[in-house]
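File shown here: model.cif, holding mmCIF, N, CA and C atoms, pLDDT in the B column; chains and numbers go by the auth columns.
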data_model
#
loop_
_atom_site.group_PDB
_atom_site.id
_atom_site.type_symbol
_atom_site.label_atom_id
_atom_site.label_comp_id
_atom_site.label_asym_id
_atom_site.label_seq_id
_atom_site.Cartn_x
_atom_site.Cartn_y
_atom_site.Cartn_z
_atom_site.B_iso_or_equiv
_atom_site.auth_seq_id
_atom_site.auth_asym_id
ATOM 1 N N MET A 1 -8.157 21.354 -27.581 45.00 1451 A
ATOM 2 C CA MET A 1 -7.431 20.118 -27.726 45.00 1451 A
ATOM 3 C C MET A 1 -7.204 19.861 -29.211 45.00 1451 A
ATOM 4 N N ALA A 2 -6.000 19.463 -29.545 58.00 1452 A
ATOM 5 C CA ALA A 2 -5.660 19.193 -30.940 58.00 1452 A
ATOM 6 C C ALA A 2 -6.367 17.937 -31.423 58.00 1452 A
ATOM 7 N N ALA A 3 -6.620 17.899 -32.722 66.00 1453 A
ATOM 8 C CA ALA A 3 -7.255 16.717 -33.307 66.00 1453 A
ATOM 9 C C ALA A 3 -6.288 15.542 -33.255 66.00 1453 A
ATOM 10 N N LEU A 4 -6.827 14.349 -33.049 59.00 1454 A
ATOM 11 C CA LEU A 4 -6.010 13.145 -33.004 59.00 1454 A
ATOM 12 C C LEU A 4 -5.663 12.689 -34.415 59.00 1454 A
ATOM 13 N N THR A 5 -4.463 12.170 -34.564 68.00 1455 A
ATOM 14 C CA THR A 5 -4.084 11.588 -35.846 68.00 1455 A
ATOM 15 C C THR A 5 -4.794 10.243 -35.994 68.00 1455 A
ATOM 16 N N THR A 6 -4.782 9.714 -37.191 65.00 1456 A
ATOM 17 C CA THR A 6 -5.398 8.401 -37.432 65.00 1456 A
ATOM 18 C C THR A 6 -4.737 7.346 -36.562 65.00 1456 A
ATOM 19 N N ARG A 7 -3.424 7.372 -36.448 63.00 1457 A
ATOM 20 C CA ARG A 7 -2.698 6.390 -35.626 63.00 1457 A
ATOM 21 C C ARG A 7 -3.110 6.516 -34.157 63.00 1457 A
ATOM 22 N N GLU A 8 -3.215 7.723 -33.648 60.00 1458 A
ATOM 23 C CA GLU A 8 -3.614 7.912 -32.250 60.00 1458 A
ATOM 24 C C GLU A 8 -5.025 7.383 -32.006 60.00 1458 A
ATOM 25 N N ARG A 9 -5.922 7.623 -32.944 60.00 1459 A
ATOM 26 C CA ARG A 9 -7.288 7.097 -32.805 60.00 1459 A
ATOM 27 C C ARG A 9 -7.281 5.579 -32.799 60.00 1459 A
ATOM 28 N N GLN A 10 -6.470 4.955 -33.659 56.00 1460 A
ATOM 29 C CA GLN A 10 -6.388 3.497 -33.705 56.00 1460 A
ATOM 30 C C GLN A 10 -5.842 2.945 -32.395 56.00 1460 A
ATOM 31 N N GLU A 11 -4.838 3.607 -31.826 57.00 1461 A
ATOM 32 C CA GLU A 11 -4.273 3.144 -30.559 57.00 1461 A
ATOM 33 C C GLU A 11 -5.309 3.233 -29.445 57.00 1461 A
ATOM 34 N N ILE A 12 -6.090 4.289 -29.428 58.00 1462 A
ATOM 35 C CA ILE A 12 -7.140 4.424 -28.408 58.00 1462 A
ATOM 36 C C ILE A 12 -8.211 3.363 -28.616 58.00 1462 A
ATOM 37 N N ASP A 13 -8.579 3.100 -29.860 58.00 1463 A
ATOM 38 C CA ASP A 13 -9.600 2.093 -30.155 58.00 1463 A
ATOM 39 C C ASP A 13 -9.179 0.700 -29.707 58.00 1463 A
ATOM 40 N N HIS A 14 -7.867 0.428 -29.639 57.00 1464 A
ATOM 41 C CA HIS A 14 -7.381 -0.902 -29.293 57.00 1464 A
ATOM 42 C C HIS A 14 -6.836 -0.967 -27.865 57.00 1464 A
ATOM 43 N N ALA A 15 -7.055 0.043 -27.072 61.00 1465 A
ATOM 44 C CA ALA A 15 -6.560 0.043 -25.696 61.00 1465 A
ATOM 45 C C ALA A 15 -7.429 -0.866 -24.834 61.00 1465 A
ATOM 46 N N ASN A 16 -6.784 -1.619 -23.973 66.00 1466 A
ATOM 47 C CA ASN A 16 -7.490 -2.448 -22.995 66.00 1466 A
ATOM 48 C C ASN A 16 -7.426 -1.748 -21.647 66.00 1466 A
ATOM 49 N N VAL A 17 -8.505 -1.817 -20.917 64.00 1467 A
ATOM 50 C CA VAL A 17 -8.536 -1.224 -19.584 64.00 1467 A
ATOM 51 C C VAL A 17 -8.932 -2.308 -18.601 64.00 1467 A
ATOM 52 N N GLU A 18 -8.042 -2.588 -17.674 69.00 1468 A
ATOM 53 C CA GLU A 18 -8.308 -3.551 -16.623 69.00 1468 A
ATOM 54 C C GLU A 18 -8.163 -2.851 -15.278 69.00 1468 A
ATOM 55 N N THR A 19 -8.698 -3.450 -14.246 73.00 1469 A
ATOM 56 C CA THR A 19 -8.614 -2.898 -12.905 73.00 1469 A
ATOM 57 C C THR A 19 -8.067 -3.964 -11.970 73.00 1469 A
ATOM 58 N N VAL A 20 -7.095 -3.593 -11.155 75.00 1470 A
ATOM 59 C CA VAL A 20 -6.562 -4.479 -10.127 75.00 1470 A
ATOM 60 C C VAL A 20 -7.124 -3.998 -8.794 75.00 1470 A
ATOM 61 N N LEU A 21 -7.742 -4.922 -8.061 68.00 1471 A
ATOM 62 C CA LEU A 21 -8.397 -4.575 -6.804 68.00 1471 A
ATOM 63 C C LEU A 21 -7.681 -5.267 -5.647 68.00 1471 A
ATOM 64 N N PRO A 22 -6.699 -4.590 -5.018 70.00 1472 A
ATOM 65 C CA PRO A 22 -6.009 -5.213 -3.888 70.00 1472 A
ATOM 66 C C PRO A 22 -6.912 -5.265 -2.659 70.00 1472 A
ATOM 67 N N LEU A 23 -6.689 -6.260 -1.812 61.00 1473 A
ATOM 68 C CA LEU A 23 -7.510 -6.443 -0.618 61.00 1473 A
ATOM 69 C C LEU A 23 -7.359 -5.287 0.350 61.00 1473 A
ATOM 70 N N SER A 24 -6.156 -4.938 0.684 58.00 1474 A
ATOM 71 C CA SER A 24 -5.962 -3.976 1.758 58.00 1474 A
ATOM 72 C C SER A 24 -4.651 -3.233 1.564 58.00 1474 A
ATOM 73 N N GLN A 25 -4.610 -2.051 2.074 58.00 1475 A
ATOM 74 C CA GLN A 25 -3.371 -1.279 2.081 58.00 1475 A
ATOM 75 C C GLN A 25 -2.660 -1.429 3.424 58.00 1475 A
ATOM 76 N N ALA A 26 -3.068 -2.383 4.247 61.00 1476 A
ATOM 77 C CA ALA A 26 -2.574 -2.519 5.609 61.00 1476 A
ATOM 78 C C ALA A 26 -1.192 -3.159 5.696 61.00 1476 A
ATOM 79 N N HIS A 27 -0.713 -3.785 4.641 64.00 1477 A
ATOM 80 C CA HIS A 27 0.536 -4.546 4.727 64.00 1477 A
ATOM 81 C C HIS A 27 1.704 -3.693 5.192 64.00 1477 A
ATOM 82 N N GLN A 28 1.872 -2.517 4.610 65.00 1478 A
ATOM 83 C CA GLN A 28 3.004 -1.666 4.971 65.00 1478 A
ATOM 84 C C GLN A 28 2.932 -1.265 6.441 65.00 1478 A
ATOM 85 N N ALA A 29 1.749 -0.915 6.903 66.00 1479 A
ATOM 86 C CA ALA A 29 1.589 -0.542 8.313 66.00 1479 A
ATOM 87 C C ALA A 29 1.934 -1.729 9.217 66.00 1479 A
ATOM 88 N N TYR A 30 1.481 -2.910 8.834 65.00 1480 A
ATOM 89 C CA TYR A 30 1.745 -4.112 9.611 65.00 1480 A
ATOM 90 C C TYR A 30 3.244 -4.392 9.663 65.00 1480 A
ATOM 91 N N GLU A 31 3.919 -4.246 8.516 68.00 1481 A
ATOM 92 C CA GLU A 31 5.359 -4.479 8.461 68.00 1481 A
ATOM 93 C C GLU A 31 6.110 -3.488 9.349 68.00 1481 A
ATOM 94 N N GLN A 32 5.561 -2.302 9.542 70.00 1482 A
ATOM 95 C CA GLN A 32 6.203 -1.290 10.383 70.00 1482 A
ATOM 96 C C GLN A 32 5.835 -1.464 11.855 70.00 1482 A
ATOM 97 N N GLY A 33 5.117 -2.524 12.172 68.00 1483 A
ATOM 98 C CA GLY A 33 4.803 -2.826 13.557 68.00 1483 A
ATOM 99 C C GLY A 33 3.509 -2.215 14.069 68.00 1483 A
ATOM 100 N N LEU A 34 2.735 -1.597 13.196 70.00 1484 A
ATOM 101 C CA LEU A 34 1.476 -1.016 13.623 70.00 1484 A
ATOM 102 C C LEU A 34 0.411 -2.100 13.711 70.00 1484 A
ATOM 103 N N ARG A 35 -0.556 -1.889 14.550 77.00 1485 A
ATOM 104 C CA ARG A 35 -1.619 -2.883 14.727 77.00 1485 A
ATOM 105 C C ARG A 35 -2.641 -2.781 13.599 77.00 1485 A
ATOM 106 N N LEU A 36 -3.188 -3.930 13.237 77.00 1486 A
ATOM 107 C CA LEU A 36 -4.255 -3.969 12.249 77.00 1486 A
ATOM 108 C C LEU A 36 -5.574 -3.636 12.926 77.00 1486 A
ATOM 109 N N ASP A 37 -6.465 -2.966 12.210 79.00 1487 A
ATOM 110 C CA ASP A 37 -7.779 -2.700 12.784 79.00 1487 A
ATOM 111 C C ASP A 37 -8.679 -3.928 12.623 79.00 1487 A
ATOM 112 N N ALA A 38 -9.810 -3.930 13.274 86.00 1488 A
ATOM 113 C CA ALA A 38 -10.716 -5.080 13.284 86.00 1488 A
ATOM 114 C C ALA A 38 -11.197 -5.431 11.872 86.00 1488 A
ATOM 115 N N GLN A 39 -11.397 -4.423 11.045 82.00 1489 A
ATOM 116 C CA GLN A 39 -11.853 -4.668 9.677 82.00 1489 A
ATOM 117 C C GLN A 39 -10.797 -5.442 8.881 82.00 1489 A
ATOM 118 N N ASP A 40 -9.519 -5.061 9.029 77.00 1490 A
ATOM 119 C CA ASP A 40 -8.450 -5.784 8.336 77.00 1490 A
ATOM 120 C C ASP A 40 -8.335 -7.217 8.843 77.00 1490 A
ATOM 121 N N VAL A 41 -8.422 -7.410 10.143 82.00 1491 A
ATOM 122 C CA VAL A 41 -8.345 -8.758 10.721 82.00 1491 A
ATOM 123 C C VAL A 41 -9.488 -9.619 10.192 82.00 1491 A
ATOM 124 N N ALA A 42 -10.688 -9.054 10.100 86.00 1492 A
ATOM 125 C CA ALA A 42 -11.839 -9.804 9.587 86.00 1492 A
ATOM 126 C C ALA A 42 -11.632 -10.186 8.124 86.00 1492 A
ATOM 127 N N ARG A 43 -11.112 -9.261 7.316 81.00 1493 A
ATOM 128 C CA ARG A 43 -10.879 -9.568 5.902 81.00 1493 A
ATOM 129 C C ARG A 43 -9.831 -10.661 5.736 81.00 1493 A
ATOM 130 N N ILE A 44 -8.782 -10.599 6.531 82.00 1494 A
ATOM 131 C CA ILE A 44 -7.734 -11.614 6.459 82.00 1494 A
ATOM 132 C C ILE A 44 -8.294 -12.978 6.845 82.00 1494 A
ATOM 133 N N SER A 45 -9.149 -13.019 7.862 87.00 1495 A
ATOM 134 C CA SER A 45 -9.700 -14.308 8.305 87.00 1495 A
ATOM 135 C C SER A 45 -10.608 -14.932 7.242 87.00 1495 A
ATOM 136 N N ARG A 46 -11.199 -14.113 6.370 87.00 1496 A
ATOM 137 C CA ARG A 46 -12.054 -14.633 5.292 87.00 1496 A
ATOM 138 C C ARG A 46 -11.265 -14.996 4.039 87.00 1496 A
ATOM 139 N N SER A 47 -10.013 -14.583 3.973 83.00 1497 A
ATOM 140 C CA SER A 47 -9.178 -14.839 2.806 83.00 1497 A
ATOM 141 C C SER A 47 -8.704 -16.292 2.806 83.00 1497 A
ATOM 142 N N PRO A 48 -8.742 -16.958 1.658 87.00 1498 A
ATOM 143 C CA PRO A 48 -8.272 -18.354 1.600 87.00 1498 A
ATOM 144 C C PRO A 48 -6.815 -18.526 2.034 87.00 1498 A
ATOM 145 N N VAL A 49 -5.963 -17.532 1.813 86.00 1499 A
ATOM 146 C CA VAL A 49 -4.551 -17.675 2.173 86.00 1499 A
ATOM 147 C C VAL A 49 -4.244 -17.209 3.594 86.00 1499 A
ATOM 148 N N LYS A 50 -5.207 -16.570 4.253 85.00 1500 A
ATOM 149 C CA LYS A 50 -5.110 -16.172 5.668 85.00 1500 A
ATOM 150 C C LYS A 50 -3.888 -15.305 5.987 85.00 1500 A
ATOM 151 N N ARG A 51 -3.571 -14.384 5.092 81.00 1501 A
ATOM 152 C CA ARG A 51 -2.462 -13.455 5.332 81.00 1501 A
ATOM 153 C C ARG A 51 -2.653 -12.220 4.476 81.00 1501 A
ATOM 154 N N LEU A 52 -1.912 -11.192 4.803 78.00 1502 A
ATOM 155 C CA LEU A 52 -1.898 -9.997 3.971 78.00 1502 A
ATOM 156 C C LEU A 52 -1.084 -10.265 2.711 78.00 1502 A
ATOM 157 N N GLY A 53 -1.492 -9.656 1.638 79.00 1503 A
ATOM 158 C CA GLY A 53 -0.705 -9.747 0.412 79.00 1503 A
ATOM 159 C C GLY A 53 0.485 -8.810 0.484 79.00 1503 A
ATOM 160 N N ARG A 54 1.547 -9.185 -0.190 81.00 1504 A
ATOM 161 C CA ARG A 54 2.724 -8.324 -0.261 81.00 1504 A
ATOM 162 C C ARG A 54 2.559 -7.374 -1.445 81.00 1504 A
ATOM 163 N N PRO A 55 3.081 -6.172 -1.341 81.00 1505 A
ATOM 164 C CA PRO A 55 2.949 -5.214 -2.456 81.00 1505 A
ATOM 165 C C PRO A 55 3.433 -5.783 -3.794 81.00 1505 A
ATOM 166 N N GLU A 56 4.495 -6.572 -3.766 86.00 1506 A
ATOM 167 C CA GLU A 56 5.011 -7.120 -5.022 86.00 1506 A
ATOM 168 C C GLU A 56 4.046 -8.132 -5.637 86.00 1506 A
ATOM 169 N N GLU A 57 3.197 -8.757 -4.834 86.00 1507 A
ATOM 170 C CA GLU A 57 2.200 -9.678 -5.381 86.00 1507 A
ATOM 171 C C GLU A 57 1.147 -8.910 -6.190 86.00 1507 A
ATOM 172 N N VAL A 58 0.734 -7.772 -5.676 83.00 1508 A
ATOM 173 C CA VAL A 58 -0.219 -6.935 -6.413 83.00 1508 A
ATOM 174 C C VAL A 58 0.470 -6.343 -7.640 83.00 1508 A
ATOM 175 N N ALA A 59 1.727 -5.936 -7.489 87.00 1509 A
ATOM 176 C CA ALA A 59 2.480 -5.391 -8.627 87.00 1509 A
ATOM 177 C C ALA A 59 2.623 -6.428 -9.732 87.00 1509 A
ATOM 178 N N ASN A 60 2.785 -7.696 -9.372 89.00 1510 A
ATOM 179 C CA ASN A 60 2.911 -8.745 -10.390 89.00 1510 A
ATOM 180 C C ASN A 60 1.639 -8.889 -11.211 89.00 1510 A
ATOM 181 N N VAL A 61 0.481 -8.661 -10.593 87.00 1511 A
ATOM 182 C CA VAL A 61 -0.774 -8.690 -11.347 87.00 1511 A
ATOM 183 C C VAL A 61 -0.779 -7.550 -12.363 87.00 1511 A
ATOM 184 N N ALA A 62 -0.376 -6.363 -11.922 87.00 1512 A
ATOM 185 C CA ALA A 62 -0.324 -5.208 -12.828 87.00 1512 A
ATOM 186 C C ALA A 62 0.689 -5.439 -13.955 87.00 1512 A
ATOM 187 N N LEU A 63 1.835 -6.034 -13.627 90.00 1513 A
ATOM 188 C CA LEU A 63 2.835 -6.330 -14.656 90.00 1513 A
ATOM 189 C C LEU A 63 2.300 -7.315 -15.688 90.00 1513 A
ATOM 190 N N PHE A 64 1.574 -8.320 -15.210 89.00 1514 A
ATOM 191 C CA PHE A 64 0.967 -9.269 -16.145 89.00 1514 A
ATOM 192 C C PHE A 64 0.022 -8.540 -17.096 89.00 1514 A
ATOM 193 N N LEU A 65 -0.818 -7.659 -16.560 86.00 1515 A
ATOM 194 C CA LEU A 65 -1.774 -6.943 -17.401 86.00 1515 A
ATOM 195 C C LEU A 65 -1.083 -6.021 -18.401 86.00 1515 A
ATOM 196 N N ALA A 66 0.092 -5.531 -18.041 86.00 1516 A
ATOM 197 C CA ALA A 66 0.836 -4.645 -18.941 86.00 1516 A
ATOM 198 C C ALA A 66 1.639 -5.427 -19.974 86.00 1516 A
ATOM 199 N N SER A 67 1.744 -6.736 -19.803 88.00 1517 A
ATOM 200 C CA SER A 67 2.558 -7.553 -20.698 88.00 1517 A
ATOM 201 C C SER A 67 1.745 -8.086 -21.883 88.00 1517 A
ATOM 202 N N ASP A 68 2.453 -8.592 -22.866 87.00 1518 A
ATOM 203 C CA ASP A 68 1.807 -9.223 -24.019 87.00 1518 A
ATOM 204 C C ASP A 68 1.083 -10.509 -23.626 87.00 1518 A
ATOM 205 N N ASP A 69 1.469 -11.113 -22.493 90.00 1519 A
ATOM 206 C CA ASP A 69 0.810 -12.341 -22.035 90.00 1519 A
ATOM 207 C C ASP A 69 -0.670 -12.130 -21.732 90.00 1519 A
ATOM 208 N N SER A 70 -1.067 -10.890 -21.516 87.00 1520 A
ATOM 209 C CA SER A 70 -2.466 -10.609 -21.184 87.00 1520 A
ATOM 210 C C SER A 70 -3.273 -10.130 -22.394 87.00 1520 A
ATOM 211 N N SER A 71 -2.787 -10.410 -23.592 84.00 1521 A
ATOM 212 C CA SER A 71 -3.417 -9.878 -24.799 84.00 1521 A
ATOM 213 C C SER A 71 -4.875 -10.326 -24.985 84.00 1521 A
ATOM 214 N N PHE A 72 -5.286 -11.410 -24.362 86.00 1522 A
ATOM 215 C CA PHE A 72 -6.655 -11.900 -24.505 86.00 1522 A
ATOM 216 C C PHE A 72 -7.522 -11.496 -23.306 86.00 1522 A
ATOM 217 N N VAL A 73 -6.967 -10.739 -22.374 84.00 1523 A
ATOM 218 C CA VAL A 73 -7.703 -10.241 -21.216 84.00 1523 A
ATOM 219 C C VAL A 73 -8.222 -8.853 -21.570 84.00 1523 A
ATOM 220 N N VAL A 74 -9.534 -8.685 -21.530 81.00 1524 A
ATOM 221 C CA VAL A 74 -10.125 -7.406 -21.927 81.00 1524 A
ATOM 222 C C VAL A 74 -11.161 -6.977 -20.897 81.00 1524 A
ATOM 223 N N GLY A 75 -11.018 -5.767 -20.383 80.00 1525 A
ATOM 224 C CA GLY A 75 -12.025 -5.201 -19.486 80.00 1525 A
ATOM 225 C C GLY A 75 -12.230 -5.956 -18.193 80.00 1525 A
ATOM 226 N N ALA A 76 -11.187 -6.572 -17.670 82.00 1526 A
ATOM 227 C CA ALA A 76 -11.318 -7.414 -16.471 82.00 1526 A
ATOM 228 C C ALA A 76 -11.099 -6.613 -15.197 82.00 1526 A
ATOM 229 N N GLU A 77 -11.767 -7.030 -14.151 81.00 1527 A
ATOM 230 C CA GLU A 77 -11.480 -6.567 -12.799 81.00 1527 A
ATOM 231 C C GLU A 77 -10.873 -7.755 -12.070 81.00 1527 A
ATOM 232 N N ILE A 78 -9.619 -7.641 -11.716 83.00 1528 A
ATOM 233 C CA ILE A 78 -8.912 -8.745 -11.091 83.00 1528 A
ATOM 234 C C ILE A 78 -8.714 -8.421 -9.620 83.00 1528 A
ATOM 235 N N ALA A 79 -9.297 -9.246 -8.770 80.00 1529 A
ATOM 236 C CA ALA A 79 -9.182 -9.049 -7.325 80.00 1529 A
ATOM 237 C C ALA A 79 -7.912 -9.731 -6.833 80.00 1529 A
ATOM 238 N N ALA A 80 -6.923 -8.946 -6.463 79.00 1530 A
ATOM 239 C CA ALA A 80 -5.686 -9.474 -5.891 79.00 1530 A
ATOM 240 C C ALA A 80 -5.878 -9.499 -4.381 79.00 1530 A
ATOM 241 N N ASP A 81 -6.669 -10.463 -3.929 75.00 1531 A
ATOM 242 C CA ASP A 81 -7.103 -10.442 -2.529 75.00 1531 A
ATOM 243 C C ASP A 81 -6.879 -11.744 -1.780 75.00 1531 A
ATOM 244 N N GLY A 82 -6.038 -12.609 -2.323 73.00 1532 A
ATOM 245 C CA GLY A 82 -5.728 -13.860 -1.627 73.00 1532 A
ATOM 246 C C GLY A 82 -6.852 -14.828 -1.688 73.00 1532 A
#
Go ahead and render the structure in this file as structure tokens.
Amino acid sequence: MAALTTRERQEIDHANVETVLPLSQAHQAYEQGLRLDAQDVARISRSPVKRLGRPEEVANVALFLASDDSSFVVGAEIAADG
């Protein structure tokens, strides 16, 4: 592996790493008319919003983290779980 330049090292030193934790991958299956399993139904019933999240809702969390608006968010695990 080639040695990193000073600029590359600085960029790595200032990188933020966050994690987005979506509740379930069941939404697409549900939209296609497939039945939810008991585990998904139980998770939905415990969720404050009582529904599956839409893929774009989880994507919006990732977009926020990639934006300058999240400059003060460091090392967070964000549960996109309703």
* To do: May I have the residues within 7 Å of range 1498-1511 of chain A as a ChimeraX atom specification, using only N, CA and C atoms and disregarding those fewer than 3 positions away in the same chain?
  => /A:1470,1472,1474,1477,1494-1495,1514-1516,1530-1532
Write a file of the selected residues as a PDB file, keeping the file's coordinate frame, keeping N, CA and C atoms.
ATOM      1  N   VAL A1470      -7.095  -3.593 -11.155  1.00 75.00           N
ATOM      2  CA  VAL A1470      -6.562  -4.479 -10.127  1.00 75.00           C
ATOM      3  C   VAL A1470      -7.124  -3.998  -8.794  1.00 75.00           C
ATOM      4  N   PRO A1472      -6.699  -4.590  -5.018  1.00 70.00           N
ATOM      5  CA  PRO A1472      -6.009  -5.213  -3.888  1.00 70.00           C
ATOM      6  C   PRO A1472      -6.912  -5.265  -2.659  1.00 70.00           C
ATOM      7  N   SER A1474      -6.156  -4.938   0.684  1.00 58.00           N
ATOM      8  CA  SER A1474      -5.962  -3.976   1.758  1.00 58.00           C
ATOM      9  C   SER A1474      -4.651  -3.233   1.564  1.00 58.00           C
ATOM     10  N   HIS A1477      -0.713  -3.785   4.641  1.00 64.00           N
ATOM     11  CA  HIS A1477       0.536  -4.546   4.727  1.00 64.00           C
ATOM     12  C   HIS A1477       1.704  -3.693   5.192  1.00 64.00           C
ATOM     13  N   ILE A1494      -8.782 -10.599   6.531  1.00 82.00           N
ATOM     14  CA  ILE A1494      -7.734 -11.614   6.459  1.00 82.00           C
ATOM     15  C   ILE A1494      -8.294 -12.978   6.845  1.00 82.00           C
ATOM     16  N   SER A1495      -9.149 -13.019   7.862  1.00 87.00           N
ATOM     17  CA  SER A1495      -9.700 -14.308   8.305  1.00 87.00           C
ATOM     18  C   SER A1495     -10.608 -14.932   7.242  1.00 87.00           C
ATOM     19  N   PHE A1514       1.574  -8.320 -15.210  1.00 89.00           N
ATOM     20  CA  PHE A1514       0.967  -9.269 -16.145  1.00 89.00           C
ATOM     21  C   PHE A1514       0.022  -8.540 -17.096  1.00 89.00           C
ATOM     22  N   LEU A1515      -0.818  -7.659 -16.560  1.00 86.00           N
ATOM     23  CA  LEU A1515      -1.774  -6.943 -17.401  1.00 86.00           C
ATOM     24  C   LEU A1515      -1.083  -6.021 -18.401  1.00 86.00           C
ATOM     25  N   ALA A1516       0.092  -5.531 -18.041  1.00 86.00           N
ATOM     26  CA  ALA A1516       0.836  -4.645 -18.941  1.00 86.00           C
ATOM     27  C   ALA A1516       1.639  -5.427 -19.974  1.00 86.00           C
ATOM     28  N   ALA A1530      -6.923  -8.946  -6.463  1.00 79.00           N
ATOM     29  CA  ALA A1530      -5.686  -9.474  -5.891  1.00 79.00           C
ATOM     30  C   ALA A1530      -5.878  -9.499  -4.381  1.00 79.00           C
ATOM     31  N   ASP A1531      -6.669 -10.463  -3.929  1.00 75.00           N
ATOM     32  CA  ASP A1531      -7.103 -10.442  -2.529  1.00 75.00           C
ATOM     33  C   ASP A1531      -6.879 -11.744  -1.780  1.00 75.00           C
ATOM     34  N   GLY A1532      -6.038 -12.609  -2.323  1.00 73.00           N
ATOM     35  CA  GLY A1532      -5.728 -13.860  -1.627  1.00 73.00           C
ATOM     36  C   GLY A1532      -6.852 -14.828  -1.688  1.00 73.00           C
TER      37      GLY A1532
END
* Expressed in Å to a single decimal, how great is the separation between CA of Ser1517 in chain A and atom C of Thr1469 in chain A? ->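 Spanning CA of Ser1517 in chain A to atom C of Thr1469 in chain A is a straight-line distance of 14.2 Å.
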* Asked: When you draw a straight line from atom C of Phe1522 in chain A to atom C of Arg1493 in chain A, how long is it in Å?
  -> 29.1 Å
* **Å distance separating CA of Asp1490 in chain A from CA of Ile1528 in chain A, one decimal place** => 19.7 Å
Expected axis-aligned box over every listed atom of range 1484-1489 of chain A, 6 Å added per side, centre plus edges in Å to one decimal, as lines of an AutoDock Vina configuration file:
center_x = -4.6
center_y = -3.2
center_z = 11.8
size_x = 26.6
size_y = 16.4
size_z = 17.8
